[in-house]
Each structure stands twice: as C-alpha cells, then as structure tokens.
Amino acid sequence: MRPLLIFGASRGVGLELAALERAAGRPVAVLLRPASEAGPLQEIGAQVLRGDVLSRPDIEQALASFPGSFDVVSTLSGRGEDGRLADDEGNINVIEAVKASGRAGRFILVTSMGCGDMAPYRSERAIAAFGAVVDAKTRAEDRLKETDLDWTILRPGGLVSEPPTSNGLLTQNPRVHGFIHRADVASLAFRVLRDSATSRQAFAAVDRNRMNCDTAVDPFPLA
C-alpha cells in the first residue's frame, strides 16, 4: 500500500480521511503550517511535516520524505496572511511539485460544488457568497486536468460537521446541489483512491437525502 500525503488535514475532510486511512493500516503524512495544531493527527499515528503550501520548496521538501511512490489528496482552502489563496495558488503548487516528482500514484483534489462544468448552474446567492473562492478552485482543477497525473476531482456540496450517514454519493450531473457531511466526503475519497474507474474524472459529492436537482441524478457505481 503506497503511503498517502494529505494537504489540508488539520481539520475537516482531510483529518477524517487521515483517520480512515490510518485505521486501514496505511502510512499517512500531512503537511501542516508551523502554527497548526498537530495533536489529533499525532494521536492517530500520522506523520506530521511542517511547511507552507504557498511555498513550492516546502512542498518539494515534503515530497522528498518519500523514497518511492505515493498517493496525494489535497483539500486545501483558505488565505495566507498576505491574502493569497490556497484554493488556487496552494493547490497549483502541490500539483506542479507532485507532477515534477515523477513518483505520484493517485491524486485526489477536493474542491467544491459549482466548480468547472457546474459553474453555469450556480445561484446568484452562491456566486455572491463563494464565487471568488470557487473560481480559484476551478483554476486548480484546470491545471490538474492539463497534467498526465492519475487524478480524480471531488466537488462536495455544502459541508456539515456531523457524524457520517453513509448516504454520500458521487454523480457527474452538473446541475445537482445540496449538502454532505465531511465524514462522508472522506469516506468517498477513501473509496475513490481504491477505484481505478474514477481516474481522470470529476464528480459532485452530495448526500442522497439532502440534494436537489431538476434532472435525474445517476450515482456513480463506486467499487
């Protein structure tokens, strides 16, 4: 089992995924900013590396800690102290460093509902609230699609911090919207990492009981 390097695992989906992977016996490393709390990750046995995703050399140093191949998951979001967005710049730094390493296995990028081909179906309210961040995430998606990496893109709906429901699904219907629990996104990412049929495809991730769509939603049959 290849080790997994997660970017954006101090909380939320990344932390939930790290816990799932460690419970399955997989080696997991995470890159955290120097001031980020590492206790929960250390408790589950994840290796904590320190650095800033807005610094390409920091990412390259993290990748150098793996002597062989590795898988990558990025859930990066947020702004640096200078206002730069991890949603595009940080993710693009990770994508380019991973590509340059020549040692990557699977690469899962977790962005947001409304990215890419979902953009035309965003509401005016969503554009006003999250438009700039979603557009930044789309730029990261576009860069990933330009590479020859073995990638999959997950676009969760509105994220809920409650226990998992096991109702999460993936769909390629760009018109869907709704909510999903963070733990269920992590569970879907765990399965995607092990399902080659998801390679080089983008999916919306939503709770089947908390979604809306004006057309039929066909769940992707994850292995």
# chains A, B, ... in the order shown; residues from 1 in each chain; ligands from 1
call {"tool": "residues_around", "arguments": {"residues": "A:Leu222", "least_positions_apart": "5", "cutoff": "9 Å", "atoms": "only C-alpha atoms", "output": "list of chain:residue names"}}
result
A:Leu169, A:Leu170, A:Leu188, A:Arg191, A:Val192, A:Asp195, A:Ala197, A:Thr198
call {"tool": "write_last_selection", "arguments": {"atoms": "N, CA and C atoms", "output": "PDB file, in the first residue's frame"}}
result
ATOM      1  N   LEU A 169     -22.942  10.179  -2.133  1.00  0.00           N
ATOM      2  CA  LEU A 169     -22.829   9.605  -3.472  1.00  0.00           C
ATOM      3  C   LEU A 169     -22.041  10.536  -4.366  1.00  0.00           C
ATOM      4  N   LEU A 170     -21.521   9.981  -5.443  1.00  0.00           N
ATOM      5  CA  LEU A 170     -20.852  10.745  -6.488  1.00  0.00           C
ATOM      6  C   LEU A 170     -21.729  10.756  -7.731  1.00  0.00           C
ATOM      7  N   LEU A 188     -15.945   8.766   0.838  1.00  0.00           N
ATOM      8  CA  LEU A 188     -15.946   8.684  -0.625  1.00  0.00           C
ATOM      9  C   LEU A 188     -14.522   8.788  -1.167  1.00  0.00           C
ATOM     10  N   ARG A 191     -12.674   5.563  -0.851  1.00  0.00           N
ATOM     11  CA  ARG A 191     -13.058   4.581  -1.864  1.00  0.00           C
ATOM     12  C   ARG A 191     -12.530   4.963  -3.248  1.00  0.00           C
ATOM     13  N   VAL A 192     -12.540   6.250  -3.563  1.00  0.00           N
ATOM     14  CA  VAL A 192     -12.042   6.715  -4.856  1.00  0.00           C
ATOM     15  C   VAL A 192     -10.564   6.359  -5.028  1.00  0.00           C
ATOM     16  N   ASP A 195     -10.374   2.938  -6.452  1.00  0.00           N
ATOM     17  CA  ASP A 195     -11.233   2.610  -7.597  1.00  0.00           C
ATOM     18  C   ASP A 195     -10.675   3.245  -8.866  1.00  0.00           C
ATOM     19  N   ALA A 197     -11.647   3.111 -11.793  1.00  0.00           N
ATOM     20  CA  ALA A 197     -12.664   3.586 -12.735  1.00  0.00           C
ATOM     21  C   ALA A 197     -12.947   5.079 -12.573  1.00  0.00           C
ATOM     22  N   THR A 198     -12.511   5.673 -11.455  1.00  0.00           N
ATOM     23  CA  THR A 198     -12.729   7.104 -11.234  1.00  0.00           C
ATOM     24  C   THR A 198     -11.609   7.963 -11.812  1.00  0.00           C
TER      25      THR A 198
END
call {"tool": "residues_around", "arguments": {"residues": "stretch 130-140 of chain A", "least_positions_apart": "5", "cutoff": "6 Å", "atoms": "only C-alpha atoms", "output": "PyMOL selection string"}}
result
chain A and resi 87-88+91-92+111+115-116
call {"tool": "residues_around", "arguments": {"residues": "A:Arg200", "least_positions_apart": "4", "cutoff": "12 Å", "atoms": "only C-alpha atoms", "output": "short mmCIF file (atom, residue, chain, number, x, y, z; two decimals) with N, CA and C atoms, in the first residue's frame"}}
result
data_model
loop_
_atom_site.label_atom_id
_atom_site.label_comp_id
_atom_site.auth_asym_id
_atom_site.auth_seq_id
_atom_site.Cartn_x
_atom_site.Cartn_y
_atom_site.Cartn_z
N ARG A 106 -2.03 7.95 -7.26
CA ARG A 106 -3.30 8.65 -7.41
C ARG A 106 -3.20 10.06 -6.82
N PHE A 107 -3.98 10.97 -7.41
CA PHE A 107 -4.05 12.34 -6.93
C PHE A 107 -5.53 12.72 -6.85
N ILE A 108 -6.02 12.97 -5.63
CA ILE A 108 -7.40 13.36 -5.43
C ILE A 108 -7.43 14.82 -5.02
N LEU A 109 -8.15 15.64 -5.79
CA LEU A 109 -8.31 17.06 -5.47
C LEU A 109 -9.75 17.29 -5.03
N GLU A 141 -8.35 23.04 -10.58
CA GLU A 141 -8.85 21.90 -11.34
C GLU A 141 -8.31 21.91 -12.77
N ASP A 142 -8.37 23.09 -13.38
CA ASP A 142 -7.92 23.20 -14.78
C ASP A 142 -6.44 22.84 -14.91
N LEU A 144 -4.76 20.81 -12.95
CA LEU A 144 -4.64 19.36 -12.75
C LEU A 144 -5.01 18.60 -14.02
N LYS A 145 -6.06 19.04 -14.68
CA LYS A 145 -6.52 18.36 -15.90
C LYS A 145 -5.50 18.45 -17.03
N GLU A 146 -4.63 19.44 -16.97
CA GLU A 146 -3.60 19.59 -18.00
C GLU A 146 -2.45 18.60 -17.84
N THR A 147 -2.36 17.98 -16.67
CA THR A 147 -1.24 17.07 -16.38
C THR A 147 -1.57 15.65 -16.84
N ASP A 148 -0.56 14.80 -16.76
CA ASP A 148 -0.76 13.38 -17.05
C ASP A 148 -0.88 12.57 -15.76
N LEU A 149 -1.17 13.25 -14.64
CA LEU A 149 -1.34 12.56 -13.36
C LEU A 149 -2.61 11.71 -13.38
N ASP A 150 -2.65 10.73 -12.50
CA ASP A 150 -3.80 9.85 -12.35
C ASP A 150 -4.76 10.50 -11.34
N TRP A 151 -5.51 11.49 -11.81
CA TRP A 151 -6.28 12.35 -10.92
C TRP A 151 -7.77 12.01 -10.89
N THR A 152 -8.40 12.42 -9.79
CA THR A 152 -9.86 12.47 -9.67
C THR A 152 -10.21 13.73 -8.90
N ILE A 153 -11.26 14.41 -9.31
CA ILE A 153 -11.72 15.63 -8.65
C ILE A 153 -13.05 15.35 -7.97
N LEU A 154 -13.13 15.73 -6.68
CA LEU A 154 -14.37 15.61 -5.91
C LEU A 154 -14.87 17.02 -5.58
N VAL A 192 -12.54 6.25 -3.56
CA VAL A 192 -12.04 6.72 -4.86
C VAL A 192 -10.56 6.36 -5.03
N LEU A 193 -9.79 6.50 -3.96
CA LEU A 193 -8.37 6.16 -4.03
C LEU A 193 -8.14 4.71 -4.43
N ASP A 195 -10.37 2.94 -6.45
CA ASP A 195 -11.23 2.61 -7.60
C ASP A 195 -10.68 3.24 -8.87
N SER A 196 -10.02 2.46 -9.68
CA SER A 196 -9.37 2.98 -10.89
C SER A 196 -10.38 3.51 -11.90
#
call {"tool": "select_by_dssp", "arguments": {"residues": "stretch 7-223 of chain A", "states": "alpha helix (DSSP H)", "output": "PyMOL selection string"}}
result
chain A and resi 12-23+39-43+56-63+91-101+124-145+182-192
call {"tool": "closest_atom_pairs", "arguments": {"of": "stretch 83-190 of chain A", "to": "stretch 7-20 of chain A", "cutoff": "7 Å", "atoms": "only C-alpha atoms", "output": "tab-separated table"}}
result
residue	atom	partner	partner_atom	distance
A:Arg182	CA	A:Val13	CA	5.1
A:Ala183	CA	A:Glu16	CA	5.8
A:Val185	CA	A:Val13	CA	6.5
A:Ala186	CA	A:Leu17	CA	4.7
A:Ser187	CA	A:Leu17	CA	6.9
A:Phe190	CA	A:Leu17	CA	6.7
call {"tool": "closest_residue", "arguments": {"among": "A:Gln42, A:Ser101, A:Ser36, A:Asn173", "to": "A:Ala64", "atoms": "only C-alpha atoms"}}
result
A:Ser101
call {"tool": "residues_around", "arguments": {"residues": "A:Ile59", "least_positions_apart": "5", "cutoff": "7 Å", "atoms": "only C-alpha atoms", "output": "PDB file with C-alpha atoms, in the first residue's frame"}}
result
ATOM      1  CA  VAL A  53       1.726  25.267   0.574  1.00  0.00           C
ATOM      2  CA  VAL A  94       1.099  20.978  -4.979  1.00  0.00           C
ATOM      3  CA  ALA A  97       5.518  19.723  -7.448  1.00  0.00           C
TER       4      ALA A  97
END
call {"tool": "atom_distance", "arguments": {"atom1": "atom CA of A:Val160", "atom2": "atom CA of A:His177"}}
result
13.9 Å
call {"tool": "select_by_dssp", "arguments": {"residues": "chain A", "states": "strand (DSSP E)", "output": "PyMOL selection string"}}
result
chain A and resi 4-7+28-32+47-50+70-74+104-110+150-156+158-160+168-171+177-181+201-207+211-212
call {"tool": "write_last_selection", "arguments": {"atoms": "N, CA and C atoms", "output": "short mmCIF file (atom, residue, chain, number, x, y, z; two decimals), in the first residue's frame"}}
result
data_model
loop_
_atom_site.label_atom_id
_atom_site.label_comp_id
_atom_site.auth_asym_id
_atom_site.auth_seq_id
_atom_site.Cartn_x
_atom_site.Cartn_y
_atom_site.Cartn_z
N LEU A 4 0.25 7.75 1.86
CA LEU A 4 -0.63 8.83 1.43
C LEU A 4 -0.16 10.13 2.05
N LEU A 5 -0.02 11.17 1.23
CA LEU A 5 0.32 12.50 1.70
C LEU A 5 -0.91 13.39 1.52
N ILE A 6 -1.37 13.98 2.62
CA ILE A 6 -2.57 14.83 2.59
C ILE A 6 -2.17 16.28 2.82
N PHE A 7 -2.68 17.15 1.97
CA PHE A 7 -2.53 18.59 2.15
C PHE A 7 -3.89 19.14 2.58
N VAL A 28 0.37 7.45 6.62
CA VAL A 28 -0.18 8.75 6.25
C VAL A 28 0.75 9.85 6.74
N ALA A 29 1.04 10.81 5.87
CA ALA A 29 1.78 12.01 6.25
C ALA A 29 0.95 13.22 5.87
N VAL A 30 1.10 14.28 6.62
CA VAL A 30 0.36 15.51 6.34
C VAL A 30 1.32 16.69 6.42
N LEU A 31 1.05 17.69 5.58
CA LEU A 31 1.83 18.93 5.65
C LEU A 31 0.99 19.97 6.36
N LEU A 32 1.48 20.45 7.49
CA LEU A 32 0.80 21.46 8.27
C LEU A 32 1.64 22.72 8.37
N GLN A 47 2.21 10.97 10.26
CA GLN A 47 3.47 11.71 10.28
C GLN A 47 3.17 13.17 9.97
N VAL A 48 3.64 14.07 10.81
CA VAL A 48 3.38 15.49 10.63
C VAL A 48 4.63 16.17 10.07
N LEU A 49 4.47 16.78 8.90
CA LEU A 49 5.52 17.57 8.27
C LEU A 49 5.11 19.03 8.35
N ARG A 50 6.06 19.91 8.46
CA ARG A 50 5.75 21.33 8.60
C ARG A 50 6.16 22.09 7.35
N PHE A 70 3.87 7.45 -4.05
CA PHE A 70 2.94 7.87 -3.01
C PHE A 70 1.65 8.36 -3.67
N ASP A 71 0.57 8.35 -2.92
CA ASP A 71 -0.68 8.97 -3.36
C ASP A 71 -0.83 10.31 -2.66
N VAL A 72 -1.65 11.19 -3.26
CA VAL A 72 -1.84 12.54 -2.72
C VAL A 72 -3.32 12.87 -2.68
N VAL A 73 -3.74 13.50 -1.61
CA VAL A 73 -5.07 14.11 -1.52
C VAL A 73 -4.88 15.54 -1.06
N SER A 74 -5.52 16.47 -1.77
CA SER A 74 -5.48 17.87 -1.36
C SER A 74 -6.90 18.37 -1.11
N ALA A 104 4.26 10.04 -8.34
CA ALA A 104 2.90 10.04 -7.80
C ALA A 104 2.07 8.89 -8.34
N GLY A 105 1.25 8.33 -7.46
CA GLY A 105 0.25 7.36 -7.86
C GLY A 105 -1.05 8.09 -8.14
N ARG A 106 -2.03 7.95 -7.26
CA ARG A 106 -3.30 8.65 -7.41
C ARG A 106 -3.20 10.06 -6.82
N PHE A 107 -3.98 10.97 -7.41
CA PHE A 107 -4.05 12.34 -6.93
C PHE A 107 -5.53 12.72 -6.85
N ILE A 108 -6.02 12.97 -5.63
CA ILE A 108 -7.40 13.36 -5.43
C ILE A 108 -7.43 14.82 -5.02
N LEU A 109 -8.15 15.64 -5.79
CA LEU A 109 -8.31 17.06 -5.47
C LEU A 109 -9.75 17.29 -5.03
N VAL A 110 -9.92 17.77 -3.80
CA VAL A 110 -11.25 18.06 -3.27
C VAL A 110 -11.48 19.56 -3.40
N ASP A 150 -2.65 10.73 -12.50
CA ASP A 150 -3.80 9.85 -12.35
C ASP A 150 -4.76 10.50 -11.34
N TRP A 151 -5.51 11.49 -11.81
CA TRP A 151 -6.28 12.35 -10.92
C TRP A 151 -7.77 12.01 -10.89
N THR A 152 -8.40 12.42 -9.79
CA THR A 152 -9.86 12.47 -9.67
C THR A 152 -10.21 13.73 -8.90
N ILE A 153 -11.26 14.41 -9.31
CA ILE A 153 -11.72 15.63 -8.65
C ILE A 153 -13.05 15.35 -7.97
N LEU A 154 -13.13 15.73 -6.68
CA LEU A 154 -14.37 15.61 -5.91
C LEU A 154 -14.87 17.02 -5.58
N ARG A 155 -16.15 17.28 -5.85
CA ARG A 155 -16.74 18.59 -5.61
C ARG A 155 -17.88 18.46 -4.60
N PRO A 156 -17.57 18.55 -3.30
CA PRO A 156 -18.62 18.40 -2.30
C PRO A 156 -19.62 19.55 -2.32
N GLY A 158 -22.50 21.68 0.21
CA GLY A 158 -22.31 22.36 1.48
C GLY A 158 -21.90 21.37 2.57
N LEU A 159 -20.83 21.67 3.28
CA LEU A 159 -20.24 20.72 4.22
C LEU A 159 -20.85 20.85 5.61
N VAL A 160 -21.16 19.68 6.20
CA VAL A 160 -21.81 19.61 7.50
C VAL A 160 -20.90 18.84 8.45
N GLY A 168 -23.56 9.39 1.28
CA GLY A 168 -22.85 10.16 0.27
C GLY A 168 -22.81 9.43 -1.06
N LEU A 169 -22.94 10.18 -2.13
CA LEU A 169 -22.83 9.60 -3.47
C LEU A 169 -22.04 10.54 -4.37
N LEU A 170 -21.52 9.98 -5.44
CA LEU A 170 -20.85 10.74 -6.49
C LEU A 170 -21.73 10.76 -7.73
N THR A 171 -21.77 11.89 -8.40
CA THR A 171 -22.52 11.99 -9.65
C THR A 171 -21.82 12.96 -10.58
N HIS A 177 -27.24 20.08 -6.54
CA HIS A 177 -26.71 20.85 -5.43
C HIS A 177 -27.30 20.30 -4.14
N GLY A 178 -26.70 20.66 -3.02
CA GLY A 178 -27.16 20.13 -1.74
C GLY A 178 -26.04 20.12 -0.73
N PHE A 179 -26.14 19.22 0.25
CA PHE A 179 -25.22 19.18 1.38
C PHE A 179 -24.65 17.77 1.53
N ILE A 180 -23.54 17.68 2.28
CA ILE A 180 -22.93 16.40 2.59
C ILE A 180 -22.08 16.55 3.85
N HIS A 181 -22.04 15.50 4.66
CA HIS A 181 -21.23 15.54 5.88
C HIS A 181 -19.76 15.36 5.52
N GLN A 201 -11.57 11.78 -13.87
CA GLN A 201 -12.96 12.21 -13.92
C GLN A 201 -13.24 13.14 -12.75
N ALA A 202 -14.26 13.98 -12.92
CA ALA A 202 -14.69 14.90 -11.88
C ALA A 202 -16.11 14.56 -11.46
N PHE A 203 -16.37 14.63 -10.15
CA PHE A 203 -17.67 14.25 -9.60
C PHE A 203 -18.14 15.27 -8.58
N ALA A 204 -19.45 15.51 -8.56
CA ALA A 204 -20.07 16.17 -7.42
C ALA A 204 -20.26 15.13 -6.33
N ALA A 205 -20.11 15.55 -5.07
CA ALA A 205 -20.33 14.68 -3.92
C ALA A 205 -21.43 15.28 -3.06
N VAL A 206 -22.49 14.50 -2.82
CA VAL A 206 -23.66 15.03 -2.13
C VAL A 206 -24.35 13.91 -1.36
N ASP A 207 -25.09 14.28 -0.32
CA ASP A 207 -25.89 13.33 0.44
C ASP A 207 -27.18 13.05 -0.33
N MET A 211 -30.11 16.47 -1.25
CA MET A 211 -29.75 17.05 -2.55
C MET A 211 -31.00 17.48 -3.29
N ASN A 212 -30.78 18.41 -4.23
CA ASN A 212 -31.84 18.86 -5.13
C ASN A 212 -31.28 18.89 -6.54
#
call {"tool": "atom_distance", "arguments": {"atom1": "atom CA of A:Asp52", "atom2": "atom CA of A:Pro40"}}
result
19.3 Å
call {"tool": "atom_distance", "arguments": {"atom1": "atom CA of A:Asn93", "atom2": "atom CA of A:Gly78"}}
result
14.5 Å
call {"tool": "closest_residue", "arguments": {"among": "A:Glu43, A:Ala23, A:Arg194, A:Arg175", "to": "A:Ala223", "atoms": "only C-alpha atoms"}}
result
A:Arg194
call {"tool": "decode", "arguments": {"residues": "stretch 38-51 of chain A", "atoms": "C-alpha atoms", "output": "short mmCIF file (atom, residue, chain, number, x, y, z; two decimals), in the first residue's frame"}}
result
data_model
loop_
_atom_site.label_atom_id
_atom_site.label_comp_id
_atom_site.auth_asym_id
_atom_site.auth_seq_id
_atom_site.Cartn_x
_atom_site.Cartn_y
_atom_site.Cartn_z
CA ALA A 38 -0.98 18.57 15.23
CA GLY A 39 -2.34 16.69 18.28
CA PRO A 40 -5.28 14.88 16.62
CA LEU A 41 -3.08 13.72 13.74
CA GLN A 42 -0.31 12.54 16.01
CA GLU A 43 -2.84 10.59 18.09
CA ILE A 44 -3.84 8.50 15.07
CA GLY A 45 -0.22 7.89 14.08
CA ALA A 46 0.05 10.25 11.10
CA GLN A 47 3.47 11.71 10.28
CA VAL A 48 3.38 15.49 10.63
CA LEU A 49 5.52 17.57 8.27
CA ARG A 50 5.75 21.33 8.60
CA GLY A 51 5.60 23.83 5.78
#
